[in-house]
Amino acid sequence: MNQKHLWTVVAVCSTVLGMPLVGRAETTKKTAPTSLSASSADVVKVGEYQSPTANPASNAAAIAKIQTHEVTGRPAATLYLRDIPVLSFLGQKSVTSEETKVGEIDSAGKTSANQANQGSFAKDDPVQRASKVAAKINQLALDKVDASKIIVSWKAGGASTTSNQDQNKSIAGQQKSGDRFIIKVNSEELVEINDDTRLADTTNDPAQDALQATNRLRRLIGNASPLNEIANLPVRSSASLPKLPQQIAGRVRDTIKGVASYYGYDFSGNRTAAGERFNPEGMTAAHRSLPFGTRVRVTNTRNGRSVVVRINDRGPFIRGRVIDLSTGAARILGMMGSGIAPVKIEVLGR
């Protein structure tokens with residue numbers, strides 16, 4: 001009996017003393033994966049940490065952004081600089097569900113047709129075109145480029161050159177034949193103004209779109225003074241802003257004299273009385289009673305400089321003032337320093 005009790009005690013002791021050893025072994029085995037997971041978590045944190053350190057700097061320096069939309073059923077992307085619309089890029093095709101299926105395999109397993117169209121679709125994509133220009137502009141801002149080096153020049157669109165007699169044809173007829181207007185920075189092409197790339201609030205005149213877009217870029221990138229003409233432009237189609245009013249001098253319907261003022265970037269993006277978004281660089285103005293859409297030629301009687309603007313707002317509401325101009329129009333008239341100027345307003349109609 002005593003021997004039986006002895007073996008029972010030994011069995012109990014060995015059982016009691018063996019359990020902690022097993023527990024320790026299991027604990028050791030389970031702690032190893034924990035250390036591995038901790039190290040893998042550290043690797044993820046390193047990646048997450050490095051990415052934000054580079055992005056804030058680039059985002060802070062970015063002055064250009066893109067907004068997508070549609071224009072008469074065509075895909076479009078508008079390029080904004082410091083929240084001011086500058087250029088709109090238009091696609092050739094309407095947005096359809098089929099266009100989103102580039103490279104999709106059909107029931108017969110054929111992909112060649114869609115793949116062949118992928119290259120042309122990419123070239124036509126307004127977002128990609130706008131993104132390329134935005135990237136260039138952001139790099140220019142990062143490099144602190146001299147904005148006075150931003151210019152616009154004319155290039156003949158046709159392969160063959162025309163004679164001087166042929167160049168005396170109308171501006172509209174020549175532009176339809178394929179005139180090109182190239183915006184350059186330090187002699188390198190930035191963007192071409194054409195039927196598919198135009199001023200955000202287009203004037204429907206490629207020459208004027210090119211000149212106004214260039215001046216917006218000059219101001220918004222480096223606050224450079226505006227240009228008055230397009231380089232290399234033939235005499236027969238001068239797009240100089242001061243000369244534009246004289247080209248339509250025969251249409252004057254009424255004349256008003258008084259004091260002009262201007263309003264600018266504090267009101268950027270606000271709705272005008274006509275329902276439009278106010279663009280400080282657009283050639284627009286506010287008048288108390290002239291119908292919306294009326295074009296008027298405003299001449300600064302101090303220096304003789306003129307500009308044609310479109311009425312799209314109501315005002316000014318300060319006694320003695322007859323018209324409130326946009327910042328872009330005021331700059332052309334040379335009244336930015338004084339804030340006001342005596343002007344002659346000639347009503348040209350719509």
# chains A, B, ... in the order shown; residues from 1 in each chain; ligands from 1
$ closest_atom_pairs --of "segment 177-231 of chain A" --to "segment 79-91 of chain A" --cutoff "6 Å" --atoms "only C-alpha atoms" --output "Markdown table"
| residue | atom | partner | partner_atom | distance |
| --- | --- | --- | --- | --- |
| A:Asp196 | CA | A:Leu90 | CA | 4.9 |
| A:Thr197 | CA | A:Phe89 | CA | 4.7 |
| A:Arg198 | CA | A:Ser88 | CA | 5.5 |
| A:Leu199 | CA | A:Leu87 | CA | 4.7 |
| A:Ala200 | CA | A:Leu87 | CA | 4.6 |
$ residues_around --residues "His287 of chain A" --least-positions-apart "5" --cutoff "8 Å" --atoms "only C-alpha atoms" --output "list in words"
Ile311, Asp313, Arg314, Gly315, Pro316, Val322, Ile323 and Asp324 of chain A
$ residues_around --residues "Tyr263 of chain A" --least-positions-apart "4" --cutoff "9 Å" --atoms "only C-alpha atoms" --output "PyMOL selection string"
chain A and resi 267+280+324-327+330
$ atom_distance --atom1 "atom CA of Asn303 of chain A" --atom2 "atom CA of Met283 of chain A"
19.2 Å
$ closest_residue --among "A:Asn194, A:Asn138, A:Thr72, A:Ser289" --to "Leu220 of chain A" --atoms "only C-alpha atoms"
A:Asn138
$ closest_residue --among "A:Ile182, A:Val308, A:Ile63, A:Leu233" --to "Leu140 of chain A" --atoms "only C-alpha atoms"
A:Ile63
$ atom_distance --atom1 "atom CA of Val343 of chain A" --atom2 "atom CA of Arg216 of chain A"
24.2 Å
$ residues_around --residues "Arg310 of chain A" --least-positions-apart "4" --cutoff "8 Å" --atoms "only C-alpha atoms" --output "PDB file with all heavy atoms, in the first residue's frame"
ATOM      1  N   MET A 283     -12.627  90.385 -69.251  1.00  0.00           N
ATOM      2  CA  MET A 283     -12.914  91.735 -69.746  1.00  0.00           C
ATOM      3  C   MET A 283     -14.394  92.041 -69.529  1.00  0.00           C
ATOM      4  O   MET A 283     -15.217  92.005 -70.456  1.00  0.00           O
ATOM      5  CB  MET A 283     -12.540  91.850 -71.231  1.00  0.00           C
ATOM      6  CG  MET A 283     -11.057  91.683 -71.510  1.00  0.00           C
ATOM      7  SD  MET A 283     -10.029  92.962 -70.723  1.00  0.00           S
ATOM      8  CE  MET A 283      -9.207  91.999 -69.457  1.00  0.00           C
ATOM      9  N   THR A 284     -14.761  92.327 -68.274  1.00  0.00           N
ATOM     10  CA  THR A 284     -16.150  92.579 -67.907  1.00  0.00           C
ATOM     11  C   THR A 284     -16.239  93.841 -67.068  1.00  0.00           C
ATOM     12  O   THR A 284     -15.226  94.384 -66.612  1.00  0.00           O
ATOM     13  CB  THR A 284     -16.727  91.395 -67.126  1.00  0.00           C
ATOM     14  OG1 THR A 284     -15.917  91.165 -65.953  1.00  0.00           O
ATOM     15  CG2 THR A 284     -16.743  90.125 -67.977  1.00  0.00           C
ATOM     16  N   ALA A 285     -17.484  94.300 -66.851  1.00  0.00           N
ATOM     17  CA  ALA A 285     -17.693  95.521 -66.066  1.00  0.00           C
ATOM     18  C   ALA A 285     -19.110  95.534 -65.516  1.00  0.00           C
ATOM     19  O   ALA A 285     -19.983  94.781 -65.955  1.00  0.00           O
ATOM     20  CB  ALA A 285     -17.441  96.764 -66.922  1.00  0.00           C
ATOM     21  N   PHE A 292     -27.412  93.517 -69.808  1.00  0.00           N
ATOM     22  CA  PHE A 292     -26.339  92.530 -69.698  1.00  0.00           C
ATOM     23  C   PHE A 292     -25.964  92.046 -71.091  1.00  0.00           C
ATOM     24  O   PHE A 292     -26.813  91.836 -71.953  1.00  0.00           O
ATOM     25  CB  PHE A 292     -26.792  91.334 -68.851  1.00  0.00           C
ATOM     26  CG  PHE A 292     -27.052  91.671 -67.414  1.00  0.00           C
ATOM     27  CD1 PHE A 292     -28.199  91.214 -66.770  1.00  0.00           C
ATOM     28  CD2 PHE A 292     -26.154  92.444 -66.694  1.00  0.00           C
ATOM     29  CE1 PHE A 292     -28.438  91.527 -65.447  1.00  0.00           C
ATOM     30  CE2 PHE A 292     -26.390  92.762 -65.369  1.00  0.00           C
ATOM     31  CZ  PHE A 292     -27.534  92.301 -64.744  1.00  0.00           C
ATOM     32  N   GLY A 293     -24.668  91.874 -71.302  1.00  0.00           N
ATOM     33  CA  GLY A 293     -24.162  91.462 -72.604  1.00  0.00           C
ATOM     34  C   GLY A 293     -23.759  92.608 -73.492  1.00  0.00           C
ATOM     35  O   GLY A 293     -23.126  92.389 -74.537  1.00  0.00           O
ATOM     36  N   THR A 294     -24.099  93.848 -73.099  1.00  0.00           N
ATOM     37  CA  THR A 294     -23.709  95.013 -73.889  1.00  0.00           C
ATOM     38  C   THR A 294     -22.192  95.198 -73.835  1.00  0.00           C
ATOM     39  O   THR A 294     -21.591  95.121 -72.765  1.00  0.00           O
ATOM     40  CB  THR A 294     -24.398  96.286 -73.364  1.00  0.00           C
ATOM     41  OG1 THR A 294     -25.811  96.102 -73.426  1.00  0.00           O
ATOM     42  CG2 THR A 294     -24.008  97.500 -74.198  1.00  0.00           C
ATOM     43  N   ARG A 295     -21.596  95.448 -74.984  1.00  0.00           N
ATOM     44  CA  ARG A 295     -20.156  95.719 -75.046  1.00  0.00           C
ATOM     45  C   ARG A 295     -19.936  97.226 -75.151  1.00  0.00           C
ATOM     46  O   ARG A 295     -20.605  97.902 -75.933  1.00  0.00           O
ATOM     47  CB  ARG A 295     -19.519  94.992 -76.231  1.00  0.00           C
ATOM     48  CG  ARG A 295     -19.593  93.482 -76.091  1.00  0.00           C
ATOM     49  CD  ARG A 295     -18.843  92.765 -77.185  1.00  0.00           C
ATOM     50  NE  ARG A 295     -18.919  91.318 -77.003  1.00  0.00           N
ATOM     51  CZ  ARG A 295     -18.097  90.608 -76.237  1.00  0.00           C
ATOM     52  NH1 ARG A 295     -17.102  91.217 -75.610  1.00  0.00           N
ATOM     53  NH2 ARG A 295     -18.241  89.297 -76.103  1.00  0.00           N
ATOM     54  N   VAL A 296     -19.006  97.688 -74.345  1.00  0.00           N
ATOM     55  CA  VAL A 296     -18.681  99.121 -74.341  1.00  0.00           C
ATOM     56  C   VAL A 296     -17.176  99.292 -74.456  1.00  0.00           C
ATOM     57  O   VAL A 296     -16.403  98.450 -73.987  1.00  0.00           O
ATOM     58  CB  VAL A 296     -19.198  99.815 -73.056  1.00  0.00           C
ATOM     59  CG1 VAL A 296     -20.706  99.732 -72.960  1.00  0.00           C
ATOM     60  CG2 VAL A 296     -18.554  99.216 -71.813  1.00  0.00           C
TER      61      VAL A 296
END
